[in-house]
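Here is the structure we will look at.
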Amino acid sequence: MMSVSFAFRRILLGSAAMLACGVVAGVGAGGANAEDLRPAVGKPLAAAKAELARHNYAKAQADVNEADAVGGKSSYEDFIITEMRGAIAQQAGDTKTAANAYEKLIASGKLSSAQQAQMTLAIASMAYSAHDYDRAITWLDRYTKLAGPNPQTTRLKIQAYYEKKDYANAAKLQQAQIDQTVKAGGKPAEEQLQLLSACQRAMNDTAGFTHTLELLVTYYPKPDYWQNLVHGIQTDPSFPAHLSFELQRLQLALGLLGDEAAYMDATESAVQDGALGEGKSIMAAGTSAGVMGKADAAREQRLAALIDKRIAAKTASLPKDEAAAANEKDGSDLVDDGITEASLGNSDKGIALIQQGIAKGGLRFPDQAKLDLGYAQMKAGKKADAVATFKSVTPGTPESRLSRLWVLYLKTH
């Protein structure tokens, strides 16, 4: 995951450097008349300017030193010498000398507010480039006081916090920037979300990291982001085993189920949950993907034969089972029969039975039944109904982790 945008940093630092050079050039031209510079000072500075234009930085700096050695300099002469020294150092890549010169220029009181802001940004940018992140943050704060906040300098400050491993402050600023973008109806930059998630992962902020991954799959639905979300659930020891098949359904829909063993496990889970037709479909999907029919081909054939046998038996008994389920005290059997009917392609009947079971109540896992209902509605092409059902799952439950992902899936597929 990317921690900092090289392109952004290069553009911003280059821009700040040009601003600094512009300030340096502008001050000398408009600060006072040429007569204010004595020949002993003005002549070597003119030579330094000529050498700077030829990129002969060592000779240019020597000329500045010659001017600086003149005794009895006026404050203006001292200012122009410092100005030229900073310009040479900046262009030569000597950021420490340049920053020190610019600080002296700012402290002189001879710069306008706009020039102070530009040079303050230049110092902050050079400090960042030199990996002096504390100094960069200090000068970025000063820039904000002078010129007000703007997205680019805020991003540089966030990255400075990140680079110095102050993940809490980096995350706080990045979250605020993302929230502001979302509130305005915009789309957060992928890099911003990546950086926020990196901070949250470094702080072991599982809830925050998960939420940011959900934003990533909302705006940038890439397989890697989905995989990270699914992996977070898979590796959570508190996630209940009875929801394993519900998670496998999501993995299958996302194309993330995996290898032959994963397809076999999902098929067996489907059979155990009464979704016989779904089990048959999972095997077919695995075969079509070139995953099944290899190492465990004989075992898979036996499982396929068992599924066919159970489908035949269940199809024959369903009318009687459903009639009996209607007379039960709770809706558990109705939900189970609805899952079977939906898996066999009888979507409308299956959806109706699951709804009846939920309405009757007495379910051990009522929110899981809502996941089953939402899934059946989704497979039947009833997208709006599925979203509404998934959103009705009780917040804060393990089922709600899956229901949120199903809503995101339906929004992005």
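As shown in the structure tokens, the chain order sets the letters A, B, ...; within each chain, residues go from 1, and ligands are also counted from 1 in the order they appear.
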Task: Near-Gln175 in chain A list (9 Å; only C-alpha atoms; drop same-chain fewer than 6 positions) as an MDAnalysis selection string - done: chainID A and resid 192:193 196
TODO: Pick out each residue of range 228-406 of chain A that DSSP on the backbone tags as helix (DSSP H, G or I); I need them as an MDAnalysis selection string.
DONE: chainID A and resid 228:234 241:254 260:272 276:288 297:326 332:343 347:360 366:379 383:391 398:406
TODO: Show which residues sit within 7 Å of Gly357 in chain A, as a ChimeraX atom specification. Count only C-alpha atoms, and ignore same-chain residues fewer than 5 positions away.
DONE: /A:331-332,334-335
Go ahead and save the picked residues with N, CA, C and O atoms, as a PDB file, in the first residue's frame.
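Done, and the output landed in selection-v9.pdb:
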```pdb
ATOM      1  N   GLY A 331     -40.852 -20.271  13.436  1.00  0.00           N
ATOM      2  CA  GLY A 331     -40.695 -20.224  11.985  1.00  0.00           C
ATOM      3  C   GLY A 331     -39.434 -20.860  11.446  1.00  0.00           C
ATOM      4  O   GLY A 331     -39.120 -20.694  10.250  1.00  0.00           O
ATOM      5  N   SER A 332     -38.706 -21.615  12.270  1.00  0.00           N
ATOM      6  CA  SER A 332     -37.424 -22.183  11.839  1.00  0.00           C
ATOM      7  C   SER A 332     -37.561 -23.090  10.625  1.00  0.00           C
ATOM      8  O   SER A 332     -36.796 -22.993   9.660  1.00  0.00           O
ATOM      9  N   LEU A 334     -39.964 -23.196   8.444  1.00  0.00           N
ATOM     10  CA  LEU A 334     -40.387 -22.422   7.271  1.00  0.00           C
ATOM     11  C   LEU A 334     -39.176 -21.767   6.591  1.00  0.00           C
ATOM     12  O   LEU A 334     -39.063 -21.765   5.370  1.00  0.00           O
ATOM     13  N   VAL A 335     -38.276 -21.205   7.407  1.00  0.00           N
ATOM     14  CA  VAL A 335     -37.065 -20.591   6.851  1.00  0.00           C
ATOM     15  C   VAL A 335     -36.220 -21.640   6.145  1.00  0.00           C
ATOM     16  O   VAL A 335     -35.754 -21.422   5.011  1.00  0.00           O
TER      17      VAL A 335
END
```
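Each of A:Thr397, A:Ser74, A:Gln174, A:Gln91 was compared to Asp36 in chain A using only C-alpha atoms, and A:Ser74 turns out to be the nearest.
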Using only C-alpha atoms, which residues of range 143-202 of chain A come within 10 Å of range 124-133 of chain A, and what is the closest atom pair for each, with the distance in Å to one decimal? Give it as CSV, sorted by chain and residue number.
```
residue,atom,partner,partner_atom,distance
A:Tyr143,CA,A:Ala124,CA,8.4
A:Thr153,CA,A:Ser125,CA,9.3
A:Leu156,CA,A:Tyr128,CA,8.3
A:Lys157,CA,A:Tyr133,CA,8.6
A:Gln159,CA,A:Tyr133,CA,9.0
A:Ala160,CA,A:Tyr133,CA,5.3
A:Tyr161,CA,A:Tyr133,CA,7.1
A:Tyr162,CA,A:Tyr133,CA,9.3
A:Glu163,CA,A:Tyr133,CA,7.4
A:Lys164,CA,A:Tyr133,CA,6.4
```
Mind writing the picked residues with C-alpha atoms as an mmCIF file, in the first residue's frame?
```cif
data_model
loop_
_atom_site.group_PDB
_atom_site.id
_atom_site.type_symbol
_atom_site.label_atom_id
_atom_site.label_comp_id
_atom_site.auth_asym_id
_atom_site.auth_seq_id
_atom_site.Cartn_x
_atom_site.Cartn_y
_atom_site.Cartn_z
ATOM 1 C CA TYR A 143 1.922 28.907 6.459
ATOM 2 C CA THR A 153 -0.541 21.783 2.245
ATOM 3 C CA LEU A 156 1.807 17.431 2.896
ATOM 4 C CA LYS A 157 1.280 17.832 6.634
ATOM 5 C CA GLN A 159 2.287 12.807 4.975
ATOM 6 C CA ALA A 160 4.835 14.439 7.274
ATOM 7 C CA TYR A 161 2.992 13.009 10.296
ATOM 8 C CA TYR A 162 2.845 9.627 8.576
ATOM 9 C CA GLU A 163 6.550 9.596 7.750
ATOM 10 C CA LYS A 164 7.452 10.417 11.373
#
```
Task: Near-Leu250 in chain A list (9 Å; only C-alpha atoms; drop same-chain fewer than 4 positions) as a PyMOL selection string - done: chain A and resi 230+245-246+254-257+402+405-406+409
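Reported to one decimal place, the separation of CA of Pro240 in chain A from CA of Pro398 in chain A is 7.4 Å.
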Open item on the list: Quick one: residues within 10 Å of Tyr263 in chain A, only C-alpha atoms, excluding same-chain residues fewer than 6 positions away - as JSON, numbers by chain?
Closed with: {"A": [248, 252, 257, 269, 279, 282, 283, 284, 285, 286, 287, 291, 292]}
Using C-alpha atoms, can you export the residues from the last selection as a tab-separated table (two decimals), in the first residue's frame?
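Output file result_35.tsv follows:
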```tsv
chain	number	residue	atom	x	y	z
A	248	GLN	CA	-18.71	-18.27	1.56
A	252	LEU	CA	-18.28	-16.85	-4.32
A	257	LEU	CA	-13.65	-18.41	-2.93
A	269	SER	CA	-21.73	-26.11	3.89
A	279	GLY	CA	-24.41	-26.78	-3.46
A	282	ILE	CA	-21.13	-24.19	-6.43
A	283	MET	CA	-19.68	-27.43	-7.79
A	284	ALA	CA	-20.61	-26.38	-11.31
A	285	ALA	CA	-18.98	-22.98	-10.77
A	286	GLY	CA	-15.81	-24.60	-9.46
A	287	THR	CA	-15.65	-26.94	-12.44
A	291	VAL	CA	-10.70	-25.36	-9.90
A	292	MET	CA	-12.61	-28.58	-9.22
```
Open item on the list: Measuring between only C-alpha atoms, which one of A:Thr267, A:Gln355, A:Thr412, A:Gln115 shows the shortest distance to Thr218 in chain A?
Closed with: A:Thr412
